[in-house]
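K.L.:
Before I ask anything, here is the structure I am working with.
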Protein chains: 2
Amino acid sequence: MSRTDRRTLLQAAAALPLSALMPTAARAEGTEGTPAAAPKPAPAKDVTRRLAHYLVTAGYDDLPANVRKEGVRTLLNWVGVAIGGSHHQTVDIAVAALAPFSGPAQASLFGRHERFDIMNAAFINGVSSHIFDYDDTHLKTIIHPAGPVASAILALSELQPVPGKDFLNALVLGVETECRIGNAVYPNHYDVGWHITGTAGVFGSAAAVGKLLKLNEEQMIWALGLAASQPVGLRESFGSMNKSFNPGRAASNGIFAAMLASKNFTSSEGMIEAKRGWANTISTKQDYNEITGDLGTRYEAALNTYKPFACGIVMHPAIDAAIQLRNENKLNADQVERVDLKVHPLVLELTGKKTPRQGLEGKFSIYHAVAVALVEGAGGEKQFSDRAVNDPTIVALRAKVNPVVTPGIKPEQVDMTVVLRDGRQLHRYVEHAIGSVEVPMTDQQLETKFSDLADGIIAAPMIRRVMDACWNVESLPSAAEIAKMSVSA
Amino acid sequence: MSRTDRRTLLQAAAALPLSALMPTAARAEGTEGTPAAAPKPAPAKDVTRRLAHYLVTAGYDDLPANVRKEGVRTLLNWVGVAIGGSHHQTVDIAVAALAPFSGPAQASLFGRHERFDIMNAAFINGVSSHIFDYDDTHLKTIIHPAGPVASAILALSELQPVPGKDFLNALVLGVETECRIGNAVYPNHYDVGWHITGTAGVFGSAAAVGKLLKLNEEQMIWALGLAASQPVGLRESFGSMNKSFNPGRAASNGIFAAMLASKNFTSSEGMIEAKRGWANTISTKQDYNEITGDLGTRYEAALNTYKPFACGIVMHPAIDAAIQLRNENKLNADQVERVDLKVHPLVLELTGKKTPRQGLEGKFSIYHAVAVALVEGAGGEKQFSDRAVNDPTIVALRAKVNPVVTPGIKPEQVDMTVVLRDGRQLHRYVEHAIGSVEVPMTDQQLETKFSDLADGIIAAPMIRRVMDACWNVESLPSAAEIAKMSVSA
């Protein structure tokens, strides 16, 4: 596959209007608290200050149990993808490029042995965690929330003592900040071309780092202002290494902002909402109620989701259905005569490649995705490897996959019938795929994903210990433990 | 003066529509090569690639003499303002905040004794050079071109050997890149709220650093793409430390982009012009001919200007007239009965403060500016100090200054009459103030400005040596000399 082909493929995926794939319930939540009619926008009054006030006063004890739990799951998922991506060529290049400029060896590079200063480490870890496009997603905004935030505060945790409860609180507040700010400008801001994970993400990093630095309200305002001054990322870069650059740079920019603010480097008082502030400059839509409404009671951080499969979300329902039927019926490839699936038009538009020859191409082939799911019962990175797309059994099976665009099928749905050689027909309709808000991944599924990603990168017994440390983060005396355990030998 | 007052003042200056102050000739040049009718926009074809191709092929020998000369003047002026601002509180704070994270001591902080890695050094030096708002200006776009570019490549020169000719070529190419990209989106991009020095500046830094790293064409495309992913700065931050943050961060972001690209960290092929690329995402106007038209024959870098006075450009004609009359007539304050000046409405709107009590307030007082210019024959930082605004002679004289808004007077003009006690009337009409494109500062005036700024920061004999090194940059075996000499003892 030529570079151009590869780029075209990846850009096709990038062009996908992900909002169209958002589960119905999530779409409804997108206008939470507002009727069908256009909502009356909240006045742009003290938005930055009110957010800053919330951030400096909100404590761990204020977090509802479900929010804490989702924060822990966000952490575990992020650590897994950061380790998993850590030896991708993109990361090797970034490490080589930045090593001559790094400050003291303050923080770990997940999955690797090098140590960088916390800003450069946060950048590298942010890149690692997004390189497979396999990280977490806030479906309302398509923000990948953990990258900018976890990368930043895990690095910081190695520089100063951060008790686990404080860490989790900061993680939640950071995610909350970026998703709320994202909500305020989505979809216009994303539609025009910004990579919202990088532009909103820098606020998340600054907020979370600022919280752990114990900034006062004025300093937090400045940290948010300096974050507003450093948006990162354009969608045009999707399909290149520049895409994973964006959450990484959002993480390091947020640390940069918070560190300066902590020494009283000033910014404007209203960088988010002022006439020539962030929201007005960077978007044609501004809904400030999304930022300041119901702070401390409504939690965007509770809506985080995790990809069960290492490919575009458009194929997830079909992979989910295939795995369910395989497992329930203990299917093997020889039994299968034909696989019929009714799909939304986007599925063929984006993933219609019939004969993938490289792993990456497999991510754009519904034929391969269904076949490999039936054979291996999974859809992880290993199922989209060169090995998998050239496996004779899978190649033979994918020729039997017949996707048919069918009116009435939504992007998040699939209707699959597996016709067996013995004449039986196995049927499965998926309303919401695994990994959606409605059907979240179980903790066990998150562990399996983590283990698959970390396998071969960190020692096997350590995989278990790192996962346990993530689950138990709230009881850790120091969150740095997680980073220190997540490195290669 | 309270913080709020201070901010209001500075914001008033920031709100100034500087394009209205642009000399008529410069405004005409803004549409150079195009008739009065709306120009037909150039197609968005290969803009990034054509720019990259130019950057990697353009050599020092291709530079016309006038462009070289202006490049040298740009350098000298920048070094002066970087040294001059180096002990401002803003810089002290930034140095304290970043010292714990800096890499090896690779590069000088101008006017100081610390050494940081090149990215952090470039940031600090970019902040220093803009803190007085006294740096260079490309009047078509209000970009302050040297900050992002000179900060970056002077730091780089200390890391790798850079002959003076290569240095000057890179400086010109960096300035050319940012000003051309600025032209393509100005004024819409600036009007909506972006601080164009930071958003276009990052391209200038990446281009200049990329040139010195000898990137190939593809790598230069990626460097520009990674630069496009890191725009810096919103106008809302004007009046806070965040304003000078912007050229500093543009400088360090550009190095970051070029260093990654030098190791083949990829970006899109068309980040400037693509549908969801930089220009379309960040501006409602895109004139790509400004970027790729007449490369190598039309030089924006030749249009750089330097502020003779340490205050908003709106007061420059009056200060210029006052100094001329003072020097020609050997005036002293006792002789003056009254000073009448006919001015554009913006002068009183922006600088109508009658009784400044602090130096900074003096920058917003036409009364003070004229009085101090008559008494001291200058308008530098020292003339806008707490000392100057409280000097009894100047305070007495400023009460005799009578600005009158007069139809027909343009913002760049003033008509001044000094009425003396002996009945004589001295008259001066200024069509274009010193420091404009039409009446550029002389080399001698640049030296006086430099010496005033560096006085007390670097040793007196060294001031002469640094200026000489700047004038002779093309014959230096290593441009690093300039940085190494520009530090405090």
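Naming scheme: A, B, ... for chains in displayed order of the structure tokens; residues 1 onward per chain; ligands 1 onward as shown.
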Using the chain letters and numbers from this document, which residues of region 102-269 of chain A does DSSP assign to strand (DSSP E), as a short mmCIF file (atom, residue, chain, number, x, y, z; two decimals) with N, CA and C atoms, in the first residue's frame?
P.N.:
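For reference, result_31.cif as written:
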data_model
loop_
_atom_site.label_atom_id
_atom_site.label_comp_id
_atom_site.auth_asym_id
_atom_site.auth_seq_id
_atom_site.Cartn_x
_atom_site.Cartn_y
_atom_site.Cartn_z
N ALA A 107 9.98 11.99 34.73
CA ALA A 107 8.76 11.19 34.54
C ALA A 107 8.97 10.07 33.54
N SER A 108 8.21 9.01 33.74
CA SER A 108 8.31 7.81 32.91
C SER A 108 7.67 8.02 31.54
N ARG A 115 13.31 8.30 30.50
CA ARG A 115 12.60 9.23 31.38
C ARG A 115 12.87 10.65 30.89
N PHE A 116 11.85 11.47 30.83
CA PHE A 116 11.96 12.86 30.36
C PHE A 116 11.47 13.81 31.44
N ASP A 136 -10.18 6.43 24.78
CA ASP A 136 -11.54 6.70 25.21
C ASP A 136 -12.20 7.80 24.38
N THR A 137 -13.52 7.82 24.40
CA THR A 137 -14.27 8.80 23.61
C THR A 137 -15.45 9.35 24.39
N HIS A 138 -15.53 10.69 24.44
CA HIS A 138 -16.72 11.37 24.94
C HIS A 138 -17.59 11.57 23.70
#
K.L.:
Quick check: residues of chain B within 8 Å of chain A, only C-alpha atoms, returned as an mmCIF file with C-alpha atoms, in the first residue's frame.
P.N.:
data_model
loop_
_atom_site.group_PDB
_atom_site.id
_atom_site.type_symbol
_atom_site.label_atom_id
_atom_site.label_comp_id
_atom_site.auth_asym_id
_atom_site.auth_seq_id
_atom_site.Cartn_x
_atom_site.Cartn_y
_atom_site.Cartn_z
ATOM 1 C CA THR B 90 7.143 38.850 33.320
ATOM 2 C CA ILE B 93 8.394 34.789 36.460
ATOM 3 C CA ALA B 94 8.750 32.755 33.302
ATOM 4 C CA ALA B 96 11.460 30.799 37.601
ATOM 5 C CA ALA B 97 8.554 28.707 36.354
ATOM 6 C CA LEU B 98 10.482 26.902 33.623
ATOM 7 C CA PRO B 100 12.985 23.133 36.817
ATOM 8 C CA PHE B 101 12.011 21.668 33.450
ATOM 9 C CA SER B 102 14.670 23.026 31.144
ATOM 10 C CA GLY B 103 16.934 20.622 29.341
ATOM 11 C CA PRO B 104 20.689 21.116 28.909
ATOM 12 C CA ASP B 117 17.610 24.279 26.326
ATOM 13 C CA ILE B 118 16.924 25.908 22.969
ATOM 14 C CA MET B 119 13.131 25.606 23.130
ATOM 15 C CA VAL B 192 -12.012 37.851 14.911
ATOM 16 C CA GLY B 193 -9.550 37.702 17.777
ATOM 17 C CA TRP B 194 -6.317 35.935 16.898
ATOM 18 C CA GLY B 225 2.029 21.211 9.112
ATOM 19 C CA LEU B 226 3.095 20.734 12.704
ATOM 20 C CA ALA B 228 -0.139 24.877 11.629
ATOM 21 C CA SER B 229 -1.238 22.564 14.432
ATOM 22 C CA GLN B 230 0.068 24.944 17.102
ATOM 23 C CA PRO B 231 -1.285 28.470 16.632
ATOM 24 C CA VAL B 232 -0.694 30.727 19.616
ATOM 25 C CA GLY B 233 -2.526 33.662 21.073
ATOM 26 C CA LEU B 234 -5.768 35.575 21.377
ATOM 27 C CA ARG B 235 -6.155 39.352 21.407
ATOM 28 C CA GLU B 236 -8.262 39.087 24.536
ATOM 29 C CA SER B 237 -5.038 38.545 26.459
ATOM 30 C CA PHE B 238 -3.652 41.969 25.486
ATOM 31 C CA GLY B 239 -2.878 43.914 28.617
ATOM 32 C CA SER B 240 -1.627 40.870 30.494
ATOM 33 C CA MET B 241 1.648 38.952 30.474
ATOM 34 C CA ASN B 242 -0.069 36.562 28.095
ATOM 35 C CA LYS B 243 0.516 39.018 25.222
ATOM 36 C CA ASN B 246 2.546 34.590 22.382
ATOM 37 C CA MET B 259 12.803 19.155 15.218
ATOM 38 C CA LEU B 260 10.095 16.500 14.942
ATOM 39 C CA SER B 262 13.672 16.545 10.927
ATOM 40 C CA LYS B 263 13.249 12.995 12.229
ATOM 41 C CA ASN B 264 10.391 12.314 9.781
ATOM 42 C CA PHE B 265 7.470 12.868 12.108
ATOM 43 C CA THR B 266 4.792 13.317 9.468
ATOM 44 C CA SER B 267 1.919 15.718 8.941
ATOM 45 C CA SER B 268 -0.512 16.330 6.102
ATOM 46 C CA GLY B 270 -1.410 20.527 2.583
ATOM 47 C CA MET B 271 -1.961 21.792 6.075
ATOM 48 C CA ALA B 274 -6.576 21.996 2.540
ATOM 49 C CA LYS B 275 -10.315 22.113 3.034
ATOM 50 C CA ARG B 276 -9.934 21.572 6.768
ATOM 51 C CA GLY B 277 -6.443 23.020 6.920
ATOM 52 C CA TRP B 278 -5.128 26.079 8.692
ATOM 53 C CA ASN B 280 -9.896 27.682 6.185
ATOM 54 C CA THR B 281 -10.174 26.734 9.839
ATOM 55 C CA ILE B 282 -8.672 29.873 11.287
#
K.L.:
Counting only C-alpha atoms, what is within 9 Å of region 71-81 of chain A, bar same-chain residues fewer than 2 positions away, as a VMD selection string?
P.N.:
chain A and resid 66 to 69 83 to 86 110 128 to 136 145 to 147 150 to 151 168 to 169 171 to 172 175 301 to 302 304 to 306 443 446 to 447 449 to 454 466 to 467 469 to 474 482 to 483 486
K.L.:
Mind checking which residues fall within 10 Å of Gly59 (chain B), counting only C-alpha atoms, ignoring those fewer than 6 positions away in the same chain, and posting them as a VMD selection string?
P.N.:
chain B and resid 165 to 166 169 to 170 173 211 296
K.L.:
Export C-alpha atoms of the chosen residues as a tab-separated table (two decimals), in the first residue's frame?
P.N.:
chain	number	residue	atom	x	y	z
B	165	LYS	CA	25.10	34.29	5.96
B	166	ASP	CA	23.00	31.19	6.57
B	169	ASN	CA	19.02	33.90	5.07
B	170	ALA	CA	17.02	31.86	7.59
B	173	LEU	CA	12.92	33.35	5.11
B	211	LYS	CA	16.03	25.84	6.93
B	296	GLY	CA	12.00	35.22	-4.36
K.L.:
I need the residues in region 180-357 of chain B that are helix (DSSP H, G or I) according to DSSP; give them as JSON, numbers by chain.
P.N.:
{"B": [180, 181, 182, 183, 184, 185, 188, 189, 190, 191, 192, 196, 197, 198, 199, 201, 202, 203, 204, 205, 206, 207, 208, 209, 210, 211, 212, 217, 218, 219, 220, 221, 222, 223, 224, 225, 226, 227, 228, 235, 236, 237, 242, 243, 244, 245, 246, 247, 248, 249, 250, 251, 252, 253, 254, 255, 256, 257, 258, 259, 260, 261, 262, 278, 279, 280, 281, 282, 289, 290, 291, 292, 300, 301, 302, 303, 313, 314, 315, 316, 317, 318, 319, 320, 321, 322, 323, 324, 325, 326, 327, 328, 329, 333, 334, 335, 345, 346, 347, 348, 349, 350, 351]}
K.L.:
For Asn402 (chain A), please output as an MDAnalysis selection string all residues within 7 Å (counting only C-alpha atoms; exclusion window: fewer than 5 positions along the same chain).
P.N.:
chainID A and resid 339:341
K.L.:
Between CA of Gly435 (chain A) and CA of Val370 (chain A), what is the distance in Å, rounded to a tenth?
P.N.:
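About the pair CA of Gly435 (chain A) and CA of Val370 (chain A): they are 16.9 Å apart.
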K.L.:
Have a look at CA of Ile366 (chain B) and CA of Leu139 (chain B) and let me know their distance in Å, one decimal.
P.N.:
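We find that CA of Ile366 (chain B) and CA of Leu139 (chain B) lie 21.9 Å from each other.
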